[in-house]
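**Student:** Take this structure, written in structure tokens, and hold onto it; I'll ask about it next.
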Amino acid sequence: MSATAARAAAPARRGARFDPRGLVLPLLALIVWQLWALTLPHDSPAPSPARVIATFIELVRSGDLPSALAMSLGRVIAGFATGLATGVTVGVLMGAFRPVRRVLEPIIESFRPVAPMAILPIAILWFGTGTPAAVSIVGYAAFFPLLVNTVHGVSRVDRKLVQAARTMGVSRPRILAKVVLPAAMPSIMLGARLGMSVAWTAIIAAELAVGSKSGGGNSGGIGSMMFVFYAYSVDLNGIVVCMIVVGVVALLIDQLFRAAEARLLPWRQ
Amino acid sequence: MQAVENAKLRLKDVTKTFIAPRTLKPTVAVSDVTLDIMRGEFVCIVGPSGCGKSTVLNMIAGLEAPSDGTIFMDDRPISGPSAERGVMFQDYALFPWLTVQDNIGFGLRNGTPGHSLSAGEIKDRIEAHIDLVRLRGSEAKYPHQLSGGMRQRVALARLLANGPDVLLMDEPLGALDAQTRLILQSELLRIWGETSPTAQRKTAIFITHDIEEAVFLADRVVVMSRHPGRVRALLDIDLPRPRNEHVRTTQRFGELSEEIWQLIRDEALEAIA
Amino acid sequence: MEKTQTGAKPASRDGDGPANAAPQRPGLPAMLLEIPGVVPALSFAGFVALWWAGAAWNGNSIQLPTPPEVFGALVSLARDGELFTNAGLSLSRLIVSMSIAVLIAVPLGFWMGLSETLRRYVDPTIELLRPISGIAWIPLALFIFGVGGVLPVFIMTYVAFFPLVMNTFAGVRGADPKLVAAARTMGVGRLRITARVVLPSALPTIMVGVRLALAGAWSAIIAAELIGAPTGLGFAIEWYRELLASPKVFAYVGVIAGVGYLADLALQWLQRRLTPWTVGGGLS
């Protein structure tokens, strides 16, 4: 009985040590997939692990994948920056001033369930099928997590900290800058991480949809590349490469933001 | 009884009524408190929970306004918070994102106390207060890396570094274990200036629910009662200063503690019923 | 020793009025604002006014139709039933995929929470798949399922799976060991502990997972239908954009928000019914 207790206590530190058991399922899937692909005729378009790797190398060598990735990342960064600036500004105003919050909250809350993708047709109506439409969707997607978390962080600042600053003769604007903002920073950083993750999803969706609906795959970016593989060159290996790249970039973005959090907020336990 | 013109703080008929946010029913938290606190005096306020001790302190700090009555400091009515009256909060209210030294220097760098000081002078003052509360070696740590007793000393250093005239302390030792508490009580008296002449001591108001702590620290104990919070009695603590651990074993210490206990006992029992 | 007055005195010394009168009485306009619903109504009025002014200034009803135009489009879509057909289709796809996802993810997460061995095998695979967003599966899924109703269901099930499995796992792992120990000392058997202690402990976290899954799935359905389905809200919105029928596009955007909001409201109600001991809810 004590053995089970010890085993149950150990996994608290997740991923602390490498466990080969975790590789069993992915490797098994890869092997089955490859064996299945080997049974198919040689000219079958079905993807296989070996062909995916070959396609990946080819796409990197030709420069297609890096340039598509650069395009998508550029749009995400531009859109995220917009969402960050507006989300944090409005969030601080709503969190710090109750009247602002009471007025804006109903409107914000009713826009929250509108998926970024539902905005896409409107964005195309306004900006056409190029980069501005994609950037505005990314900005819209990133705005909500940033806003919600900023409001949460600012409005939940420990009142005692604000009072402490007041009893030291600190002016109100300075309290906002030196007490409220730092105290809300963990929440804002969390909002940024979540916002960036939905922004990355949104850009893929936007590029995919723009590619599928504007008739050409000329908008660029990795989502649009996937659509070209689907609709024109019928390259399933290329699609799988893109999927994996999308996943890896998402993972890297997440790690980057976590590292930034650890760096910028050393005072957290 | 001391001369009234020596009063540093005067509370005159102070009443505080809260309005419950949902029911809109007014509740009297503090009723008709009249109290003079002398310059250099150490006053402890004791009472059962819910007697409005913290509300009184917050009103003196200027964080809350009395619904009725006035509080004067040096014969001028208090209208808001000021660095002249420093507050030490129950759970210290240290800024978790600042190191020990930056916490101590927060008021000097951002508030009125540092307005006439150069950066070098501020630095010296921070250093001096790190030494005063014996935190040398921990000045670059964050609050979460410190023990409860150390956090309490950071809060004390931050309070003193701003050079307030009046020290307002809201159960500052409440969260500590019994041994640490005893040590820090003596430390607090040392830093307050027990060994200096009365004229050089700061005026201190200290809230506690621990009767023996109040007797050990105070020149005078204010006993408050509940429903509504009002002053029940004032006791002069005639134990000689400087006080050391032995004072706790004296007969007089026991008598004073017993007297206060008799005053609040019934209500304390009522509070847990 | 000095004594201050200790006798009871009325709290208020105004003489007139009740003893415990409020210190400051808010004025009539301020009191009106305290009535629930007044401020939201005013904000919406302000929002609509701004929108209307913007549309009038823009003067291009394809880019930005006026509020009456959008409202008219909404009414006509509702009248010929098209609105309900599409909303009903999307909603039923949502319900089907949520049900599938719950049936797969909750038992899996629960089992992972109970069995460390299973977690060691499965967790890395989940972590490998999770970063690949549901949207990125659309082109491949188009090959497998073709354009139709299955594609959105697949995408939504995939999207809903992750928050469900992770929250269920976290809920089971988060069950207070003291409660389990307490049940054991009362001689309760293992199976009963799982059903009567672990499950109720995990339920609030699972419900949060359900709400997160629903929000994610509802957001993905639009993309999935827009690209790969011949029916549904996502399809309709894009259809009318191609026709440049902007009022209908905007009307559908409103419907998407409305259905998403109502679905979450339903879940909040369910959450209160299933876990009445948790206050609030913990989302947002």
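In the structure tokens, chains take the letters A, B, ... in the order shown, each chain's residues start at 1, and ligands count up from 1 in the order shown.
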Write out as a PyMOL selection string the set of residues from range 14-263 of chain A that DSSP, computed on the backbone, places in alpha helix (DSSP H).
**Tutor:** chain A and resi 21-38+49-62+64-96+98-111+116-127+131-155+159-166+172-175+181-213+222-231+236-263
**Student:** Output the contact residues of chain B with respect to chain A at a cut-off of 6 Å, based on only C-alpha atoms, as number ranges by chain.
**Tutor:** B: 81-83, 86, 93, 97, 107, 110-112, 142
**Student:** Just write the chosen residues, N, CA, C and O atoms, as a compact mmCIF listing (two decimals), in the first residue's frame.
**Tutor:**
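Once everything was written out, this is out.txt:
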```txt
# COMPACT_ATOMS: atom_id res chain seq x y z
N PRO B 81 -4.81 60.13 3.47
CA PRO B 81 -3.55 59.51 3.87
C PRO B 81 -2.37 60.45 3.67
O PRO B 81 -2.39 61.31 2.79
N SER B 82 -1.36 60.27 4.49
CA SER B 82 -0.17 61.08 4.38
C SER B 82 1.00 60.29 4.91
O SER B 82 0.85 59.43 5.78
N ALA B 83 2.19 60.58 4.39
CA ALA B 83 3.37 59.86 4.82
C ALA B 83 3.76 60.21 6.26
O ALA B 83 4.65 59.57 6.83
N GLY B 86 2.61 56.60 9.05
CA GLY B 86 2.94 55.36 8.34
C GLY B 86 2.13 54.20 8.88
O GLY B 86 1.81 54.16 10.07
N ALA B 93 1.54 43.73 3.56
CA ALA B 93 1.37 44.42 2.28
C ALA B 93 2.71 44.78 1.65
O ALA B 93 2.91 45.89 1.17
N TRP B 97 6.77 42.05 -6.01
CA TRP B 97 7.69 42.13 -7.15
C TRP B 97 8.94 42.96 -6.83
O TRP B 97 9.77 43.16 -7.70
N GLY B 107 8.65 54.11 -0.71
CA GLY B 107 8.08 55.42 -0.37
C GLY B 107 9.07 56.54 -0.67
O GLY B 107 8.69 57.62 -1.12
N ASN B 110 9.07 56.95 -4.56
CA ASN B 110 7.83 57.27 -5.26
C ASN B 110 6.92 58.23 -4.53
O ASN B 110 6.00 58.79 -5.13
N GLY B 111 7.13 58.41 -3.24
CA GLY B 111 6.20 59.21 -2.47
C GLY B 111 6.81 60.49 -1.96
O GLY B 111 7.94 60.85 -2.31
N THR B 112 6.04 61.18 -1.13
CA THR B 112 6.50 62.46 -0.60
C THR B 112 7.75 62.38 0.27
O THR B 112 8.53 63.33 0.27
N TYR B 142 13.42 38.42 -2.58
CA TYR B 142 12.01 38.80 -2.75
C TYR B 142 11.22 38.34 -1.53
O TYR B 142 11.61 37.38 -0.86
```
**Student:** Give the strand (DSSP E) residues of range 20-110 of chain B, as assigned by DSSP on the backbone, as a PDB file with C-alpha atoms, in the first residue's frame.
**Tutor:**
```pdb
ATOM      1  CA  PRO B  26     -26.356  50.769   7.716  1.00  0.00           C
ATOM      2  CA  THR B  27     -24.150  49.149  10.350  1.00  0.00           C
ATOM      3  CA  VAL B  28     -22.348  51.104  13.017  1.00  0.00           C
ATOM      4  CA  ALA B  29     -18.771  49.845  13.157  1.00  0.00           C
ATOM      5  CA  VAL B  30     -17.334  52.472  15.469  1.00  0.00           C
ATOM      6  CA  SER B  31     -19.396  54.658  17.754  1.00  0.00           C
ATOM      7  CA  ASP B  32     -18.406  57.893  19.474  1.00  0.00           C
ATOM      8  CA  VAL B  33     -14.761  57.237  20.088  1.00  0.00           C
ATOM      9  CA  THR B  34     -13.064  60.101  21.876  1.00  0.00           C
ATOM     10  CA  LEU B  35      -9.387  59.658  22.631  1.00  0.00           C
ATOM     11  CA  ASP B  36      -6.259  61.739  23.010  1.00  0.00           C
ATOM     12  CA  ILE B  37      -2.922  60.178  22.173  1.00  0.00           C
ATOM     13  CA  MET B  38       0.185  61.909  23.485  1.00  0.00           C
ATOM     14  CA  PHE B  42       2.808  53.822  22.691  1.00  0.00           C
ATOM     15  CA  VAL B  43      -0.877  52.958  22.679  1.00  0.00           C
ATOM     16  CA  CYS B  44      -2.271  49.477  22.175  1.00  0.00           C
ATOM     17  CA  ILE B  45      -5.862  48.893  21.163  1.00  0.00           C
ATOM     18  CA  VAL B  46      -7.286  45.534  22.205  1.00  0.00           C
ATOM     19  CA  ASP B  68     -19.179  61.642  12.057  1.00  0.00           C
ATOM     20  CA  GLY B  69     -16.692  63.392  14.289  1.00  0.00           C
ATOM     21  CA  THR B  70     -13.155  64.484  13.484  1.00  0.00           C
ATOM     22  CA  ILE B  71      -9.633  63.237  13.950  1.00  0.00           C
ATOM     23  CA  PHE B  72      -6.938  65.848  14.516  1.00  0.00           C
ATOM     24  CA  MET B  73      -3.223  65.472  14.186  1.00  0.00           C
ATOM     25  CA  ARG B  76      -5.225  69.917  12.120  1.00  0.00           C
ATOM     26  CA  PRO B  77      -8.056  67.672  10.923  1.00  0.00           C
ATOM     27  CA  ARG B  85       1.327  58.616   9.441  1.00  0.00           C
ATOM     28  CA  GLY B  86       2.938  55.361   8.343  1.00  0.00           C
ATOM     29  CA  VAL B  87       0.937  52.141   8.409  1.00  0.00           C
ATOM     30  CA  MET B  88       2.046  48.593   8.920  1.00  0.00           C
TER      31      MET B  88
END
```
**Student:** Any idea what's packed within 8 Å of range 256-268 of chain C, counting only C-alpha atoms, ignoring anything in its chain fewer than 3 positions away? Could you give it as a PDB file with N, CA, C and O atoms, in the first residue's frame?
**Tutor:**
```pdb
ATOM      1  N   SER A 110     -20.537  40.640 -25.250  1.00  0.00           N
ATOM      2  CA  SER A 110     -21.346  40.124 -26.352  1.00  0.00           C
ATOM      3  C   SER A 110     -20.503  39.870 -27.592  1.00  0.00           C
ATOM      4  O   SER A 110     -20.909  39.115 -28.469  1.00  0.00           O
ATOM      5  N   PHE A 111     -19.314  40.464 -27.664  1.00  0.00           N
ATOM      6  CA  PHE A 111     -18.447  40.173 -28.808  1.00  0.00           C
ATOM      7  C   PHE A 111     -17.587  38.948 -28.571  1.00  0.00           C
ATOM      8  O   PHE A 111     -17.076  38.346 -29.501  1.00  0.00           O
ATOM      9  N   ARG A 112     -17.421  38.590 -27.298  1.00  0.00           N
ATOM     10  CA  ARG A 112     -16.503  37.502 -26.969  1.00  0.00           C
ATOM     11  C   ARG A 112     -16.876  36.189 -27.637  1.00  0.00           C
ATOM     12  O   ARG A 112     -15.986  35.481 -28.132  1.00  0.00           O
ATOM     13  N   PRO A 113     -18.164  35.796 -27.691  1.00  0.00           N
ATOM     14  CA  PRO A 113     -18.459  34.519 -28.359  1.00  0.00           C
ATOM     15  C   PRO A 113     -18.390  34.578 -29.883  1.00  0.00           C
ATOM     16  O   PRO A 113     -18.581  33.556 -30.530  1.00  0.00           O
ATOM     17  N   VAL A 114     -18.133  35.747 -30.460  1.00  0.00           N
ATOM     18  CA  VAL A 114     -17.996  35.821 -31.914  1.00  0.00           C
ATOM     19  C   VAL A 114     -16.588  35.360 -32.285  1.00  0.00           C
ATOM     20  O   VAL A 114     -15.606  36.022 -31.994  1.00  0.00           O
ATOM     21  N   ALA A 115     -16.500  34.210 -32.883  1.00  0.00           N
ATOM     22  CA  ALA A 115     -15.199  33.657 -33.237  1.00  0.00           C
ATOM     23  C   ALA A 115     -14.501  34.558 -34.248  1.00  0.00           C
ATOM     24  O   ALA A 115     -15.158  35.193 -35.073  1.00  0.00           O
ATOM     25  N   ALA A 118     -15.602  34.251 -37.695  1.00  0.00           N
ATOM     26  CA  ALA A 118     -16.850  34.865 -38.130  1.00  0.00           C
ATOM     27  C   ALA A 118     -16.612  36.295 -38.578  1.00  0.00           C
ATOM     28  O   ALA A 118     -17.385  36.859 -39.361  1.00  0.00           O
TER      29      ALA A 118
ATOM     30  N   ALA C  87     -28.745  27.577 -38.034  1.00  0.00           N
ATOM     31  CA  ALA C  87     -28.368  27.575 -36.619  1.00  0.00           C
ATOM     32  C   ALA C  87     -28.595  26.193 -36.022  1.00  0.00           C
ATOM     33  O   ALA C  87     -27.763  25.681 -35.265  1.00  0.00           O
ATOM     34  N   LEU C  91     -25.745  23.914 -34.423  1.00  0.00           N
ATOM     35  CA  LEU C  91     -25.917  23.547 -33.027  1.00  0.00           C
ATOM     36  C   LEU C  91     -25.922  22.032 -32.856  1.00  0.00           C
ATOM     37  O   LEU C  91     -25.312  21.503 -31.925  1.00  0.00           O
ATOM     38  N   ARG C 211     -16.851  23.756 -20.388  1.00  0.00           N
ATOM     39  CA  ARG C 211     -17.122  25.104 -20.906  1.00  0.00           C
ATOM     40  C   ARG C 211     -16.003  25.585 -21.822  1.00  0.00           C
ATOM     41  O   ARG C 211     -16.254  26.213 -22.849  1.00  0.00           O
ATOM     42  N   LEU C 214     -16.388  23.790 -25.108  1.00  0.00           N
ATOM     43  CA  LEU C 214     -17.480  24.331 -25.903  1.00  0.00           C
ATOM     44  C   LEU C 214     -17.056  25.634 -26.591  1.00  0.00           C
ATOM     45  O   LEU C 214     -17.317  25.824 -27.784  1.00  0.00           O
ATOM     46  N   ALA C 215     -16.394  26.506 -25.842  1.00  0.00           N
ATOM     47  CA  ALA C 215     -15.960  27.773 -26.438  1.00  0.00           C
ATOM     48  C   ALA C 215     -15.016  27.514 -27.602  1.00  0.00           C
ATOM     49  O   ALA C 215     -15.141  28.122 -28.671  1.00  0.00           O
ATOM     50  N   TRP C 218     -16.948  25.900 -30.582  1.00  0.00           N
ATOM     51  CA  TRP C 218     -17.825  26.856 -31.258  1.00  0.00           C
ATOM     52  C   TRP C 218     -17.014  27.811 -32.132  1.00  0.00           C
ATOM     53  O   TRP C 218     -17.467  28.273 -33.166  1.00  0.00           O
ATOM     54  N   LEU C 233     -23.942  27.750 -40.082  1.00  0.00           N
ATOM     55  CA  LEU C 233     -23.761  29.194 -39.913  1.00  0.00           C
ATOM     56  C   LEU C 233     -22.506  29.695 -40.605  1.00  0.00           C
ATOM     57  O   LEU C 233     -22.498  30.739 -41.251  1.00  0.00           O
ATOM     58  N   TYR C 252     -25.796  37.268 -39.431  1.00  0.00           N
ATOM     59  CA  TYR C 252     -25.295  35.954 -39.030  1.00  0.00           C
ATOM     60  C   TYR C 252     -24.205  36.055 -37.970  1.00  0.00           C
ATOM     61  O   TYR C 252     -24.106  35.192 -37.083  1.00  0.00           O
ATOM     62  N   VAL C 253     -23.375  37.093 -38.058  1.00  0.00           N
ATOM     63  CA  VAL C 253     -22.359  37.283 -37.001  1.00  0.00           C
ATOM     64  C   VAL C 253     -23.072  37.403 -35.652  1.00  0.00           C
ATOM     65  O   VAL C 253     -22.664  36.806 -34.647  1.00  0.00           O
ATOM     66  N   GLN C 271     -23.802  23.494 -14.772  1.00  0.00           N
ATOM     67  CA  GLN C 271     -22.744  23.554 -13.778  1.00  0.00           C
ATOM     68  C   GLN C 271     -23.330  23.808 -12.387  1.00  0.00           C
ATOM     69  O   GLN C 271     -22.937  23.183 -11.409  1.00  0.00           O
ATOM     70  N   ARG C 272     -24.290  24.724 -12.318  1.00  0.00           N
ATOM     71  CA  ARG C 272     -24.905  25.017 -11.021  1.00  0.00           C
ATOM     72  C   ARG C 272     -25.704  23.823 -10.517  1.00  0.00           C
ATOM     73  O   ARG C 272     -25.755  23.564  -9.322  1.00  0.00           O
ATOM     74  N   GLY C 281     -18.020  29.937 -10.770  1.00  0.00           N
ATOM     75  CA  GLY C 281     -17.832  29.035 -11.898  1.00  0.00           C
ATOM     76  C   GLY C 281     -16.359  28.942 -12.238  1.00  0.00           C
ATOM     77  O   GLY C 281     -15.848  27.881 -12.449  1.00  0.00           O
TER      78      GLY C 281
END
```
**Student:** Of the residues B:Thr15, B:Gln145, B:Asn6, B:Thr198, which is the one nearest to chain C, using only C-alpha atoms?
**Tutor:**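 The shortest atom-to-atom distance to chain C comes from B:Thr15.
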**Student:** May I ask you to extract the residues of chain A within 8 Å of chain C, using only C-alpha atoms, and to give them as a count of residues only?
**Tutor:** 52
**Student:** Near Ala202 in chain A, within 8 Å and counting only C-alpha atoms, which residues show up once chain neighbours fewer than 4 positions away are dropped, as a PyMOL selection string?
**Tutor:** chain A and resi 116-117+137-138+141+198+206
**Student:** Would you export the selected residues with C-alpha atoms as a compact mmCIF listing (two decimals), in the first residue's frame, please?
**Tutor:**
```txt
# COMPACT_ATOMS: atom_id res chain seq x y z
CA PRO A 116 -12.42 35.41 -35.14
CA MET A 117 -13.41 33.32 -38.13
CA ILE A 137 -8.34 38.92 -37.54
CA VAL A 138 -5.25 38.05 -35.55
CA ALA A 141 -8.39 37.07 -31.73
CA VAL A 198 -5.08 31.91 -30.36
CA ALA A 206 -7.53 33.09 -41.94
```
**Student:** Output as JSON lines one row per residue of chain B within 12 Å of chain C: the closest atom pair and its distance in Å to one decimal place, counting only C-alpha atoms, sorted by chain and residue number ascending.
**Tutor:**
```
{"residue": "B:Met1", "atom": "CA", "partner": "C:Glu2", "partner_atom": "CA", "distance": 7.5}
{"residue": "B:Gln2", "atom": "CA", "partner": "C:Glu2", "partner_atom": "CA", "distance": 10.3}
{"residue": "B:Leu11", "atom": "CA", "partner": "C:Thr4", "partner_atom": "CA", "distance": 11.3}
{"residue": "B:Lys12", "atom": "CA", "partner": "C:Thr4", "partner_atom": "CA", "distance": 10.8}
{"residue": "B:Asp13", "atom": "CA", "partner": "C:Gln5", "partner_atom": "CA", "distance": 9.8}
{"residue": "B:Val14", "atom": "CA", "partner": "C:Ala11", "partner_atom": "CA", "distance": 9.8}
{"residue": "B:Thr15", "atom": "CA", "partner": "C:Ala11", "partner_atom": "CA", "distance": 7.0}
{"residue": "B:Lys16", "atom": "CA", "partner": "C:Ala11", "partner_atom": "CA", "distance": 8.7}
{"residue": "B:Thr17", "atom": "CA", "partner": "C:Asn20", "partner_atom": "CA", "distance": 7.6}
{"residue": "B:Phe18", "atom": "CA", "partner": "C:Ala22", "partner_atom": "CA", "distance": 8.2}
{"residue": "B:Ile19", "atom": "CA", "partner": "C:Ala22", "partner_atom": "CA", "distance": 7.1}
{"residue": "B:Ala20", "atom": "CA", "partner": "C:Ala22", "partner_atom": "CA", "distance": 10.5}
{"residue": "B:Pro21", "atom": "CA", "partner": "C:Glu34", "partner_atom": "CA", "distance": 11.4}
{"residue": "B:Arg22", "atom": "CA", "partner": "C:Glu34", "partner_atom": "CA", "distance": 11.4}
{"residue": "B:Leu24", "atom": "CA", "partner": "C:Ala22", "partner_atom": "CA", "distance": 8.7}
{"residue": "B:Lys25", "atom": "CA", "partner": "C:Ala22", "partner_atom": "CA", "distance": 8.6}
{"residue": "B:Pro26", "atom": "CA", "partner": "C:Asn20", "partner_atom": "CA", "distance": 6.2}
{"residue": "B:Thr27", "atom": "CA", "partner": "C:Asn20", "partner_atom": "CA", "distance": 7.7}
{"residue": "B:Val28", "atom": "CA", "partner": "C:Ala11", "partner_atom": "CA", "distance": 7.2}
{"residue": "B:Ala29", "atom": "CA", "partner": "C:Ala11", "partner_atom": "CA", "distance": 10.0}
{"residue": "B:Val30", "atom": "CA", "partner": "C:Ala11", "partner_atom": "CA", "distance": 8.9}
{"residue": "B:Ser31", "atom": "CA", "partner": "C:Ala11", "partner_atom": "CA", "distance": 6.2}
{"residue": "B:Asp32", "atom": "CA", "partner": "C:Ala11", "partner_atom": "CA", "distance": 7.3}
{"residue": "B:Val33", "atom": "CA", "partner": "C:Thr4", "partner_atom": "CA", "distance": 8.1}
{"residue": "B:Thr34", "atom": "CA", "partner": "C:Thr4", "partner_atom": "CA", "distance": 6.6}
{"residue": "B:Leu35", "atom": "CA", "partner": "C:Thr4", "partner_atom": "CA", "distance": 7.3}
{"residue": "B:Asp36", "atom": "CA", "partner": "C:Thr4", "partner_atom": "CA", "distance": 9.9}
{"residue": "B:Ile37", "atom": "CA", "partner": "C:Glu2", "partner_atom": "CA", "distance": 11.8}
{"residue": "B:Ala65", "atom": "CA", "partner": "C:Pro23", "partner_atom": "CA", "distance": 10.7}
{"residue": "B:Pro66", "atom": "CA", "partner": "C:Pro23", "partner_atom": "CA", "distance": 9.7}
{"residue": "B:Ser67", "atom": "CA", "partner": "C:Pro23", "partner_atom": "CA", "distance": 6.2}
{"residue": "B:Asp68", "atom": "CA", "partner": "C:Ser12", "partner_atom": "CA", "distance": 7.7}
{"residue": "B:Gly69", "atom": "CA", "partner": "C:Arg13", "partner_atom": "CA", "distance": 9.8}
{"residue": "B:Asp219", "atom": "CA", "partner": "C:Met1", "partner_atom": "CA", "distance": 11.4}
{"residue": "B:Arg220", "atom": "CA", "partner": "C:Met1", "partner_atom": "CA", "distance": 9.1}
{"residue": "B:Val221", "atom": "CA", "partner": "C:Met1", "partner_atom": "CA", "distance": 10.3}
{"residue": "B:Val222", "atom": "CA", "partner": "C:Lys3", "partner_atom": "CA", "distance": 9.8}
{"residue": "B:Val223", "atom": "CA", "partner": "C:Lys3", "partner_atom": "CA", "distance": 10.6}
{"residue": "B:Met224", "atom": "CA", "partner": "C:Thr6", "partner_atom": "CA", "distance": 9.7}
{"residue": "B:Ser225", "atom": "CA", "partner": "C:Thr6", "partner_atom": "CA", "distance": 9.5}
{"residue": "B:Arg226", "atom": "CA", "partner": "C:Thr6", "partner_atom": "CA", "distance": 11.7}
{"residue": "B:His227", "atom": "CA", "partner": "C:Ala8", "partner_atom": "CA", "distance": 10.5}
{"residue": "B:Pro228", "atom": "CA", "partner": "C:Ala8", "partner_atom": "CA", "distance": 9.1}
{"residue": "B:Gly229", "atom": "CA", "partner": "C:Thr6", "partner_atom": "CA", "distance": 10.4}
{"residue": "B:Arg230", "atom": "CA", "partner": "C:Thr6", "partner_atom": "CA", "distance": 7.1}
{"residue": "B:Val231", "atom": "CA", "partner": "C:Thr6", "partner_atom": "CA", "distance": 6.3}
{"residue": "B:Arg232", "atom": "CA", "partner": "C:Thr6", "partner_atom": "CA", "distance": 5.6}
{"residue": "B:Ala233", "atom": "CA", "partner": "C:Lys3", "partner_atom": "CA", "distance": 5.9}
{"residue": "B:Leu234", "atom": "CA", "partner": "C:Lys3", "partner_atom": "CA", "distance": 5.8}
{"residue": "B:Leu235", "atom": "CA", "partner": "C:Met1", "partner_atom": "CA", "distance": 5.7}
{"residue": "B:Asp236", "atom": "CA", "partner": "C:Met1", "partner_atom": "CA", "distance": 5.7}
{"residue": "B:Ile237", "atom": "CA", "partner": "C:Met1", "partner_atom": "CA", "distance": 9.3}
{"residue": "B:Asp238", "atom": "CA", "partner": "C:Met1", "partner_atom": "CA", "distance": 10.2}
```
**Student:** For the atom pair CA of Ala73 in chain C and CA of Ile95 in chain C, what is the interatomic distance in Å to one decimal place?
**Tutor:**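 Between CA of Ala73 in chain C and CA of Ile95 in chain C the gap works out to 27.1 Å.
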**Student:** Name the residues in contact with range 53-58 of chain A at a cut-off of 8 Å, using only C-alpha atoms, excluding same-chain residues fewer than 2 positions from it; report them as a PyMOL selection string.
**Tutor:** chain A and resi 49-51+60-62+237-238+241
**Student:** Write the residues of the preceding selection, restricted to N, CA, C and O atoms, as a PDB file, in the first residue's frame.
**Tutor:**
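Ended up saving to result_22.pdb:
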```pdb
ATOM      1  N   PRO A  49       5.492   8.423 -43.408  1.00  0.00           N
ATOM      2  CA  PRO A  49       6.534   9.137 -42.669  1.00  0.00           C
ATOM      3  C   PRO A  49       7.758   9.436 -43.534  1.00  0.00           C
ATOM      4  O   PRO A  49       8.291  10.556 -43.493  1.00  0.00           O
ATOM      5  N   ALA A  50       8.182   8.461 -44.332  1.00  0.00           N
ATOM      6  CA  ALA A  50       9.386   8.678 -45.138  1.00  0.00           C
ATOM      7  C   ALA A  50       9.156   9.808 -46.145  1.00  0.00           C
ATOM      8  O   ALA A  50       9.998  10.691 -46.318  1.00  0.00           O
ATOM      9  N   ARG A  51       7.990   9.795 -46.792  1.00  0.00           N
ATOM     10  CA  ARG A  51       7.715  10.837 -47.796  1.00  0.00           C
ATOM     11  C   ARG A  51       7.538  12.204 -47.144  1.00  0.00           C
ATOM     12  O   ARG A  51       7.888  13.220 -47.724  1.00  0.00           O
ATOM     13  N   VAL A  60      12.073  22.908 -47.498  1.00  0.00           N
ATOM     14  CA  VAL A  60      13.033  23.818 -46.847  1.00  0.00           C
ATOM     15  C   VAL A  60      14.081  24.252 -47.849  1.00  0.00           C
ATOM     16  O   VAL A  60      14.442  25.424 -47.949  1.00  0.00           O
ATOM     17  N   ARG A  61      14.557  23.294 -48.652  1.00  0.00           N
ATOM     18  CA  ARG A  61      15.618  23.587 -49.609  1.00  0.00           C
ATOM     19  C   ARG A  61      15.154  24.600 -50.668  1.00  0.00           C
ATOM     20  O   ARG A  61      15.878  25.515 -51.018  1.00  0.00           O
ATOM     21  N   SER A  62      13.905  24.417 -51.113  1.00  0.00           N
ATOM     22  CA  SER A  62      13.419  25.336 -52.150  1.00  0.00           C
ATOM     23  C   SER A  62      13.119  26.722 -51.589  1.00  0.00           C
ATOM     24  O   SER A  62      12.909  27.675 -52.333  1.00  0.00           O
ATOM     25  N   ASN A 237       1.535  14.802 -48.411  1.00  0.00           N
ATOM     26  CA  ASN A 237       2.760  14.880 -47.611  1.00  0.00           C
ATOM     27  C   ASN A 237       3.051  16.323 -47.227  1.00  0.00           C
ATOM     28  O   ASN A 237       3.459  16.616 -46.108  1.00  0.00           O
ATOM     29  N   GLY A 238       2.842  17.211 -48.206  1.00  0.00           N
ATOM     30  CA  GLY A 238       3.053  18.646 -47.937  1.00  0.00           C
ATOM     31  C   GLY A 238       2.129  19.137 -46.838  1.00  0.00           C
ATOM     32  O   GLY A 238       2.534  19.890 -45.952  1.00  0.00           O
ATOM     33  N   VAL A 241       3.432  17.984 -43.527  1.00  0.00           N
ATOM     34  CA  VAL A 241       4.590  18.810 -43.149  1.00  0.00           C
ATOM     35  C   VAL A 241       4.099  20.122 -42.539  1.00  0.00           C
ATOM     36  O   VAL A 241       4.557  20.538 -41.469  1.00  0.00           O
TER      37      VAL A 241
END
```
**Student:** Which residues come within 9 Å of Ser72 in chain A, counting only C-alpha atoms, excluding same-chain residues fewer than 4 positions away, as a list in words?
**Tutor:**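 Residues near the query, excluding close chain neighbours: Ser67, Ala68, Val76, Ile77, Trp200, Ile203, Ile204, Glu207, Gly220, Gly221, Ile222 and Gly223 of chain A.
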**Student:** Would you mind listing what lies within 10 Å of Ser118 in chain B as a VMD selection string, with only C-alpha atoms counted and same-chain residues fewer than 4 positions away left out?
**Tutor:** chain B and resid 108 to 109 114 122 to 124
**Student:** Using only C-alpha atoms, pick whichever of B:Glu258, B:Glu139, B:Glu127, B:Glu245 has the shortest atom-to-atom distance to Leu184 in chain B.
**Tutor:**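 The shortest atom-to-atom distance to Leu184 in chain B comes from B:Glu245.
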